[in-house]
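Heads up, the thing below is written out as structure tokens.
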Protein chains: 2
Amino acid sequence: MTAVPVSMTDVRELVDGALRAAVGRLDPRTYRVAAYHLGWADKEGHPRKAPAGKALRPALALLSARAAVAPPESALPGAVAVELTHAFSLLHDDIMDGDRMRRHRPAAWTVFGEASAILAGDALLALAGEVLLEAPGQGSARAARALSAATRRLIAGQALDMDFETHRRIGLDECLTMASDKTAALLACSCSIGAVLDGAPEPLCDALEEFGADLGIAFQLADDLLGIWGDPESTGKPALSDLRSRKMSLPVVAALNTDAPEAARLAELYARPGLSEDDLAEAAALVEAAGGRAWAEMEAESRIQRAAEHLVTARLPEPVRADFLHIADFVTGRDH
Amino acid sequence: MTAVPVSMTDVRELVDGALRAAVGRLDPRTYRVAAYHLGWADKEGHPRKAPAGKALRPALALLSARAAVAPPESALPGAVAVELTHAFSLLHDDIMDGDRMRRHRPAAWTVFGEASAILAGDALLALAGEVLLEAPGQGSARAARALSAATRRLIAGQALDMDFETHRRIGLDECLTMASDKTAALLACSCSIGAVLDGAPEPLCDALEEFGADLGIAFQLADDLLGIWGDPESTGKPALSDLRSRKMSLPVVAALNTDAPEAARLAELYARPGLSEDDLAEAAALVEAAGGRAWAEMEAESRIQRAAEHLVTARLPEPVRADFLHIADFVTGRDH
């Protein structure tokens with residue numbers, strides 16, 4: 001996995017140390033599951049040279065401190081807390097969705113059992129709040145409140161996503177609501193948490209949060225496009241994987257909600273119990289023909305534009321704005 | 001289930017309203033699972049005249065505000081937060097332990113599926129932090145930090161309890177550690193959270209917490225004694241239920257750790273794949289003969305004594321002290 005750029009190498013080391021210190025407080029049984037899930041250890045508990053994750057959320061958190069003209073280190077508890085919350089959600093989502101693989105390794109629940117994985121996720125969530133509340137200064141309670149609210153939205157998004165699996169008809173609006181809750185809420189929190197911790201004025205915090213909310217939707221759209229048309233070499237998933245699992249991703253739902261004749265045929269394919277490789281290729285072509293691909297590309301572009309405008313509103317120092325935009329280009333794949 | 005006494009009827013109504021308002025913020029899918037779990041609704045979502053729970057933790061939370069000479073209502077966010085945390089842990093514990101029944105009804109996970117129950121538990125945990133952080137005043141961040149720490153201990157206790165199921169030899173000390181984490185930590189937090197929210201001096205908060213820690217162990221001992229010798233009519237569980245499930249409860253572990261000849265025979269019975277009714281009756285007699293019952297009764301008594309001494313140290317107003325002791329007698333079954 002490629003890491004987030006923007007002179008973030010030292011940042012990653014900084015966050016890594018603080019993250020390890022936080023997770024190190026867990027009891028030994030829970031720690032073992034968490035360390036495996038975070039890629040630090042193999043299933044026997046031996047240290048593992050981890051191919052570092054993207055560390056996207058921590059990078060945004062530290063950058064948001066710079067947006068408030070505070071030293072990036074002041075946002076460390078925020079960076080750790082959003083990464084812990086992200087780790088919690090992946091750990092539980094894998095159990096709920098029955099996903100057996102995570103980052104090219106067996107998912108934690110397949111290694112340690114569901115019970116231990118549920119418990120480790122609970123621990124990471126509780127730890128996120130604890131770390132944030134220990135941050136010095138007045139901003140920590142406000143930041144913890146913002147993270148709790150983001151977590152509640154993340155949960156609401158996952159609940160809606162699971163509901164989509166009942167194969168009822170899904171509107172594009174509710175699919176956007178799902179992405180907004182499940183993906184964008186925590187990114188929005190990450191983009192503002194450093195400023196919130198620093199006690200920055202509300203308009204700045206709000207603008208950063210709105211930047212993150214639009215970035216989050218663009219990120220989800222890019223991810224959904226990769227889930228259909230991504231190169232298996234770089235995504236690490238089989239070609240057409242989201243169609244294979246009949247995921248109600250944004251381009252698919254956009255296609256299904258058009259009047260195009262292709263929409264009906266796509267709905268028919270999605271309702272079938274098994275899809276051949278030919279069916280999958282046809283489904284991808286139908287999403288494209290019904291305009292789902294073009295809509296997703298345009299919508300991602302427009303969200304990035306809007307995200308950029310929030311940074312102008314916020315009157316960020318120029319280098320910080322450039323760094324935020326650099327990350328935006330990176331996560332939406334516009335730089336490669 | 002009998003409710004906690006001590007003029008707590010109006011308190012329960014107060015807490016019930018605030019609890020419903022908090023849970024009412026959840027998305028509709030997650031709300032449905034939570035409302036079922038809390039006894040407010042049947043599985044179709046229809047309101048249900050709930051036989052009220054004990055509301056032990058909220059009662060202690062409100063009492064702890066009175067200990068700081070603050071109005072009980074000031075502890076409402078604390079009362080709601082500890083009850084949400086308790087509800088979260090029961091919801092997830094039932095999944096982890098494979099328990100299919102909870103308060104004479106099918107456990108939530110058997111009704112809504114594991115995925116929805118995991119998610120609803122996550123939501124209740126996140127909500128607990130959110131409610132507490134919204135409490136007005138300086139004490140709320142300190143209270144939220146205390147609750148996070150208690151939650152981490154609760155999780156460590158559950159991890160240790162699950163580890164006990166590997167049937168290794170368990171020391172009495174680690175069994176007490178388990179009870180201290182899994183049961184006593186949240187009770188200790190409940191007994192002090194109202195004072196913490198009010199910004200009461202640290203010595204008072206500490207004494208209340210220590211009261212709760214000793215009360216919690218006494219409570220667990222009483223519960224473990226009921227799990228073996230309790231009357232099925234009043235416990236709602238079959239006779240000898242903890243022996244049936246080979247629970248490593250405190251009286252059992254105490255008996256196993258003696259040099260008495262009965263200890264070896266008990267270990268042998270516990271290692272068998274199936275136990276007849278005669279075996280169960282013999283096991284109960286062995287726990288008693290090895291001194292496990294007498295130890296548990298004495299230890300419970302001594303914990304209650306120590307708990308009472310903490311209240312003397314704290315110099316509580318006399319009626320508040322009497323109310324705390326009344327609850328202590330109630331939960332350890334000394335009043336009936």
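Chains: A, B, ... in order of the structure tokens. Residues: from 1 per chain. Ligands: from 1, in order shown.
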
Please identify every residue of chain B that has at least one atom no farther than 8 Å from an atom of chain A, counting only C-alpha atoms, and for each give the shortest atom pair and the distance in Å to one decimal, arranged by chain then increasing number, as CSV.
```
residue,atom,partner,partner_atom,distance
B:Leu26,CA,A:Arg152,CA,7.5
B:Asp27,CA,A:Ala156,CA,5.6
B:Arg29,CA,A:Ala159,CA,6.4
B:Thr30,CA,A:Ala159,CA,6.8
B:His92,CA,A:Ile118,CA,7.7
B:Ile95,CA,A:Ala115,CA,7.4
B:Met96,CA,A:Ala115,CA,4.5
B:Asp97,CA,A:Ala115,CA,7.7
B:Glu114,CA,A:Met96,CA,7.4
B:Ala115,CA,A:Met96,CA,4.5
B:Ser116,CA,A:Ala159,CA,7.4
B:Ile118,CA,A:Ile118,CA,7.5
B:Leu119,CA,A:Ile155,CA,6.7
B:Asp122,CA,A:Asp122,CA,7.1
B:Ala123,CA,A:Arg152,CA,6.1
B:Leu125,CA,A:Ala126,CA,7.8
B:Ala126,CA,A:Ser148,CA,5.7
B:Leu127,CA,A:Ser148,CA,7.1
B:Gly129,CA,A:Ser148,CA,6.8
B:Glu130,CA,A:Ser148,CA,5.6
B:Leu133,CA,A:Arg145,CA,6.1
B:Glu134,CA,A:Arg145,CA,7.4
B:Ala141,CA,A:Ala141,CA,5.7
B:Arg142,CA,A:Leu133,CA,8.0
B:Ala144,CA,A:Leu133,CA,7.6
B:Arg145,CA,A:Glu130,CA,5.7
B:Ser148,CA,A:Glu130,CA,5.6
B:Ala149,CA,A:Glu130,CA,7.0
B:Thr151,CA,A:Ala126,CA,6.7
B:Arg152,CA,A:Ala123,CA,6.1
B:Ile155,CA,A:Ala123,CA,6.5
B:Ala156,CA,A:Asp27,CA,5.6
B:Ala159,CA,A:Arg29,CA,6.5
B:Leu160,CA,A:Arg29,CA,7.6
```

Generate a file of the selected residues that holds N, CA and C atoms, formatted as a CSV table (one decimal), in the first residue's frame.
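Contents of out.csv, as written:
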```
chain,number,residue,atom,x,y,z
B,26,LEU,N,-29.9,7.3,18.2
B,26,LEU,CA,-29.3,6.3,17.3
B,26,LEU,C,-30.1,6.2,16.0
B,27,ASP,N,-29.5,5.8,14.9
B,27,ASP,CA,-30.2,5.6,13.6
B,27,ASP,C,-31.2,4.5,13.9
B,29,ARG,N,-32.2,1.7,12.6
B,29,ARG,CA,-31.8,0.3,12.6
B,29,ARG,C,-31.2,-0.2,13.9
B,30,THR,N,-30.2,0.7,14.3
B,30,THR,CA,-29.5,0.4,15.5
B,30,THR,C,-30.4,0.6,16.7
B,92,HIS,N,-22.6,-7.4,24.0
B,92,HIS,CA,-21.5,-8.1,23.4
B,92,HIS,C,-21.1,-9.4,24.1
B,95,ILE,N,-23.0,-12.4,22.9
B,95,ILE,CA,-22.5,-12.9,21.6
B,95,ILE,C,-21.2,-13.7,21.9
B,96,MET,N,-20.3,-13.1,22.6
B,96,MET,CA,-19.0,-13.8,22.8
B,96,MET,C,-19.1,-15.1,23.6
B,97,ASP,N,-20.1,-15.1,24.6
B,97,ASP,CA,-20.2,-16.3,25.4
B,97,ASP,C,-21.2,-17.3,24.8
B,114,GLU,N,-25.9,-11.7,14.6
B,114,GLU,CA,-24.7,-11.2,15.3
B,114,GLU,C,-24.2,-9.8,14.8
B,115,ALA,N,-24.3,-9.6,13.5
B,115,ALA,CA,-23.8,-8.4,13.0
B,115,ALA,C,-24.5,-7.2,13.6
B,116,SER,N,-25.8,-7.2,13.6
B,116,SER,CA,-26.6,-6.1,14.1
B,116,SER,C,-26.4,-5.9,15.6
B,118,ILE,N,-23.6,-6.7,17.3
B,118,ILE,CA,-22.2,-6.2,17.4
B,118,ILE,C,-22.3,-4.6,17.3
B,119,LEU,N,-23.0,-4.3,16.2
B,119,LEU,CA,-23.1,-2.8,15.8
B,119,LEU,C,-23.9,-2.0,16.9
B,122,ASP,N,-21.6,-1.5,19.8
B,122,ASP,CA,-20.7,-0.4,19.5
B,122,ASP,C,-21.3,1.0,19.7
B,123,ALA,N,-22.6,1.1,19.2
B,123,ALA,CA,-23.3,2.3,19.3
B,123,ALA,C,-23.6,2.8,20.7
B,125,LEU,N,-21.8,2.0,23.3
B,125,LEU,CA,-20.5,2.4,23.9
B,125,LEU,C,-20.1,3.8,23.5
B,126,ALA,N,-20.3,4.1,22.2
B,126,ALA,CA,-19.9,5.4,21.7
B,126,ALA,C,-20.9,6.4,22.3
B,127,LEU,N,-22.1,6.1,22.5
B,127,LEU,CA,-23.1,7.0,23.0
B,127,LEU,C,-22.8,7.3,24.5
B,129,GLY,N,-20.0,7.7,25.9
B,129,GLY,CA,-19.0,8.8,26.0
B,129,GLY,C,-19.6,10.1,25.6
B,130,GLU,N,-20.4,10.1,24.5
B,130,GLU,CA,-21.0,11.3,24.0
B,130,GLU,C,-21.9,12.0,25.1
B,133,LEU,N,-19.8,13.6,27.8
B,133,LEU,CA,-19.1,14.8,27.4
B,133,LEU,C,-20.0,16.0,27.2
B,134,GLU,N,-21.3,15.7,27.0
B,134,GLU,CA,-22.2,16.8,26.8
B,134,GLU,C,-22.7,17.4,28.1
B,141,ALA,N,-15.2,16.0,31.4
B,141,ALA,CA,-14.1,15.3,30.8
B,141,ALA,C,-13.4,14.3,31.8
B,142,ARG,N,-13.3,14.7,33.0
B,142,ARG,CA,-12.7,13.8,34.0
B,142,ARG,C,-13.6,12.6,34.2
B,144,ALA,N,-15.6,11.3,31.9
B,144,ALA,CA,-15.5,10.5,30.7
B,144,ALA,C,-14.2,9.7,30.7
B,145,ARG,N,-13.1,10.3,31.2
B,145,ARG,CA,-11.9,9.6,31.3
B,145,ARG,C,-12.0,8.4,32.2
B,148,SER,N,-13.9,5.7,30.5
B,148,SER,CA,-13.1,5.0,29.5
B,148,SER,C,-12.2,4.0,30.2
B,149,ALA,N,-11.6,4.4,31.3
B,149,ALA,CA,-10.6,3.5,32.0
B,149,ALA,C,-11.4,2.3,32.6
B,151,THR,N,-14.1,1.1,31.3
B,151,THR,CA,-14.5,0.3,30.2
B,151,THR,C,-13.3,-0.6,29.8
B,152,ARG,N,-12.1,0.0,29.8
B,152,ARG,CA,-10.9,-0.8,29.4
B,152,ARG,C,-10.7,-2.0,30.4
B,155,ILE,N,-13.2,-4.7,29.7
B,155,ILE,CA,-12.8,-5.5,28.6
B,155,ILE,C,-11.7,-6.5,29.0
B,156,ALA,N,-10.7,-6.0,29.7
B,156,ALA,CA,-9.7,-6.8,30.2
B,156,ALA,C,-10.2,-8.0,31.0
B,159,ALA,N,-11.8,-10.5,28.7
B,159,ALA,CA,-10.7,-11.2,28.0
B,159,ALA,C,-10.1,-12.3,28.9
B,160,LEU,N,-9.9,-12.0,30.2
B,160,LEU,CA,-9.4,-13.0,31.2
B,160,LEU,C,-10.4,-14.1,31.4
```

Find the residues near region 35-50 of chain B: any atom within 8 Å, counting only C-alpha atoms, skip ones fewer than 5 places away on the same chain, and give them as a VMD selection string. chain B and resid 23 87 91 107 to 108 111

Create the file for the chosen residues now, containing C-alpha atoms and written as a compact mmCIF listing (two decimals), in the first residue's frame.
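again_26.txt was written with the following content:
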```
# COMPACT_ATOMS: atom_id res chain seq x y z
CA VAL B 23 -30.78 6.01 22.78
CA ALA B 87 -25.93 -2.49 28.32
CA LEU B 91 -24.99 -7.19 24.47
CA ALA B 107 -30.67 -12.54 23.53
CA ALA B 108 -30.60 -9.74 20.94
CA VAL B 111 -33.16 -12.22 17.19
```

One decimal, in Å: what's the spacing between CA of Thr235 (chain B) and CA of Leu90 (chain B)?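 Straight-line distance from CA of Thr235 (chain B) to CA of Leu90 (chain B) works out to 17.3 Å.
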
For a quick check of understanding, using only C-alpha atoms, which of A:Ala18, A:Leu84, A:Ala70, A:Leu225 has the smallest distance to Gly199 (chain A)?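 Counting only C-alpha atoms, the residue closest to Gly199 (chain A) is A:Ala70.
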
Near Leu62 (chain A), counting only C-alpha atoms, which residues have an atom at most 7 Å away, once you skip same-chain residues fewer than 2 positions from it, shown as a PyMOL selection string? chain A and resi 58-60+64-66+72-73+75-76+79+194

Pull C-alpha atoms from the residues just selected and write them as a PDB file, in the first residue's frame.
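Just written: part_4.pdb:
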```pdb
ATOM      1  CA  PRO A  58      -3.398  10.658  11.168  1.00  0.00           C
ATOM      2  CA  ALA A  59      -1.771  12.649   8.366  1.00  0.00           C
ATOM      3  CA  LEU A  60      -4.924  14.745   8.010  1.00  0.00           C
ATOM      4  CA  SER A  64      -5.260  20.206  10.720  1.00  0.00           C
ATOM      5  CA  ALA A  65      -3.110  21.382  13.628  1.00  0.00           C
ATOM      6  CA  ARG A  66      -0.906  23.223  11.152  1.00  0.00           C
ATOM      7  CA  PRO A  72       1.680  19.222  14.339  1.00  0.00           C
ATOM      8  CA  GLU A  73       2.680  17.319  17.514  1.00  0.00           C
ATOM      9  CA  ALA A  75      -2.547  16.961  17.308  1.00  0.00           C
ATOM     10  CA  LEU A  76      -0.879  13.633  18.143  1.00  0.00           C
ATOM     11  CA  ALA A  79      -4.121  11.451  15.163  1.00  0.00           C
ATOM     12  CA  GLY A 194      -6.059  19.063  15.324  1.00  0.00           C
TER      13      GLY A 194
END
```

Name the residues in contact with Asp323 (chain A) at a cut-off of 12 Å, using only C-alpha atoms, excluding same-chain residues fewer than 3 positions from it; report them as number ranges by chain. A: 4-8, 59-60, 62-64, 66-67, 191, 308, 311, 316-320, 326-330

Can you write just those residues out, N, CA and C atoms, as a compact mmCIF listing (two decimals), in the first residue's frame?
```txt
# COMPACT_ATOMS: atom_id res chain seq x y z
N VAL A 4 0.62 7.92 2.36
CA VAL A 4 0.26 9.31 2.06
C VAL A 4 1.55 10.12 1.91
N PRO A 5 1.63 11.00 0.91
CA PRO A 5 2.88 11.74 0.68
C PRO A 5 2.98 12.97 1.59
N VAL A 6 3.39 14.07 1.06
CA VAL A 6 3.42 15.37 1.74
C VAL A 6 4.34 15.38 2.94
N SER A 7 5.55 15.09 2.74
CA SER A 7 6.55 15.15 3.80
C SER A 7 6.03 14.51 5.08
N MET A 8 5.36 13.38 4.88
CA MET A 8 4.67 12.77 6.01
C MET A 8 5.47 11.60 6.61
N ALA A 59 -2.41 11.58 9.14
CA ALA A 59 -1.77 12.65 8.37
C ALA A 59 -2.68 13.87 8.30
N LEU A 60 -3.97 13.63 8.06
CA LEU A 60 -4.92 14.74 8.01
C LEU A 60 -5.05 15.42 9.37
N LEU A 62 -2.78 15.70 11.78
CA LEU A 62 -1.62 16.54 12.07
C LEU A 62 -1.64 17.80 11.21
N LEU A 63 -2.08 17.62 9.97
CA LEU A 63 -2.16 18.78 9.07
C LEU A 63 -3.18 19.79 9.60
N SER A 64 -4.22 19.29 10.22
CA SER A 64 -5.26 20.21 10.72
C SER A 64 -4.75 21.04 11.89
N ARG A 66 -1.63 22.18 11.88
CA ARG A 66 -0.91 23.22 11.15
C ARG A 66 -1.86 24.26 10.58
N ALA A 67 -3.07 23.83 10.23
CA ALA A 67 -4.08 24.77 9.72
C ALA A 67 -4.41 25.82 10.77
N CYS A 191 -9.87 15.69 9.62
CA CYS A 191 -9.41 16.94 9.01
C CYS A 191 -9.55 18.14 9.92
N ALA A 308 -11.85 21.99 -2.05
CA ALA A 308 -10.82 23.02 -2.20
C ALA A 308 -11.37 24.40 -1.83
N LEU A 311 -11.24 25.25 1.75
CA LEU A 311 -9.92 25.66 2.23
C LEU A 311 -9.67 27.14 1.95
N LEU A 316 -6.47 29.29 4.88
CA LEU A 316 -5.32 28.55 5.41
C LEU A 316 -4.02 29.14 4.90
N PRO A 317 -2.95 29.01 5.69
CA PRO A 317 -1.62 29.34 5.17
C PRO A 317 -1.39 28.54 3.89
N GLU A 318 -0.78 29.17 2.89
CA GLU A 318 -0.64 28.54 1.57
C GLU A 318 -0.01 27.14 1.60
N PRO A 319 1.10 26.93 2.34
CA PRO A 319 1.70 25.58 2.29
C PRO A 319 0.77 24.50 2.87
N VAL A 320 -0.02 24.88 3.87
CA VAL A 320 -0.93 23.91 4.48
C VAL A 320 -2.04 23.54 3.49
N HIS A 326 -2.77 18.20 -1.90
CA HIS A 326 -1.91 17.11 -2.33
C HIS A 326 -2.49 15.77 -1.84
N ILE A 327 -2.90 15.74 -0.59
CA ILE A 327 -3.50 14.51 -0.05
C ILE A 327 -4.80 14.20 -0.79
N ALA A 328 -5.59 15.25 -1.07
CA ALA A 328 -6.84 15.05 -1.80
C ALA A 328 -6.59 14.42 -3.17
N ASP A 329 -5.57 14.92 -3.86
CA ASP A 329 -5.23 14.35 -5.17
C ASP A 329 -4.78 12.90 -5.02
N PHE A 330 -4.04 12.67 -3.95
CA PHE A 330 -3.51 11.33 -3.72
C PHE A 330 -4.63 10.32 -3.47
```

Excluding same-chain residues fewer than 4 positions from region 167-176 of chain B, what lies within 6 Å of it counting only C-alpha atoms, as a ChimeraX atom specification? /B:180,253-254

Mind pulling up the distance from CA of Thr258 (chain A) to CA of Asp224 (chain A)?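 Here the two named atoms are 18.1 Å from each other.
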
Counting only C-alpha atoms, which residue out of A:Ala300, A:Val196, A:Val33, A:Ala81 sits closest to Pro251 (chain A)? A:Ala300

Report as a VMD selection string all protein, DNA and RNA residues lying within 9 Å of Val82 (chain B), evaluated on only C-alpha atoms, omitting residues in the same chain fewer than 6 positions from it. chain B and resid 57 to 58 61 128 147 186 to 187 189 to 190 193

Please produce an output containing C-alpha atoms for each residue in the selection, written as a PDB file, in the first residue's frame.
```pdb
ATOM      1  CA  ARG B  57     -25.567   1.505  38.415  1.00  0.00           C
ATOM      2  CA  PRO B  58     -27.744   4.576  37.765  1.00  0.00           C
ATOM      3  CA  ALA B  61     -24.459   7.271  40.196  1.00  0.00           C
ATOM      4  CA  ALA B 128     -22.005   6.568  26.622  1.00  0.00           C
ATOM      5  CA  LEU B 147     -15.535   5.797  32.380  1.00  0.00           C
ATOM      6  CA  LEU B 186     -17.838  -0.229  36.354  1.00  0.00           C
ATOM      7  CA  LEU B 187     -19.540  -0.346  39.775  1.00  0.00           C
ATOM      8  CA  CYS B 189     -17.060   4.188  38.438  1.00  0.00           C
ATOM      9  CA  SER B 190     -20.833   4.322  39.057  1.00  0.00           C
ATOM     10  CA  ILE B 193     -19.230   9.449  38.758  1.00  0.00           C
TER      11      ILE B 193
END
```

In region 135-313 of chain A, what's alpha helix (DSSP H) per DSSP? Answer as JSON, numbers by chain? {"A": [139, 140, 141, 142, 143, 144, 145, 146, 147, 148, 149, 150, 151, 152, 153, 154, 155, 156, 157, 158, 159, 160, 161, 162, 163, 164, 172, 173, 174, 175, 176, 177, 178, 179, 185, 186, 187, 188, 189, 190, 191, 192, 193, 194, 195, 196, 197, 202, 203, 204, 205, 206, 207, 208, 209, 210, 211, 212, 213, 214, 215, 216, 217, 218, 219, 220, 221, 222, 223, 224, 225, 226, 227, 228, 229, 232, 233, 234, 235, 241, 242, 243, 244, 250, 251, 252, 253, 254, 255, 256, 261, 262, 263, 264, 265, 266, 267, 268, 269, 270, 271, 277, 278, 279, 280, 281, 282, 283, 284, 285, 286, 287, 288, 289, 292, 293, 294, 295, 296, 297, 298, 299, 300, 301, 302, 303, 304, 305, 306, 307, 308, 309, 310, 311, 312, 313]}

Between CA of Arg306 (chain A) and CA of Ala290 (chain A), what is the distance in Å, rounded to a tenth?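 Interatomic distance here is 25.6 Å.
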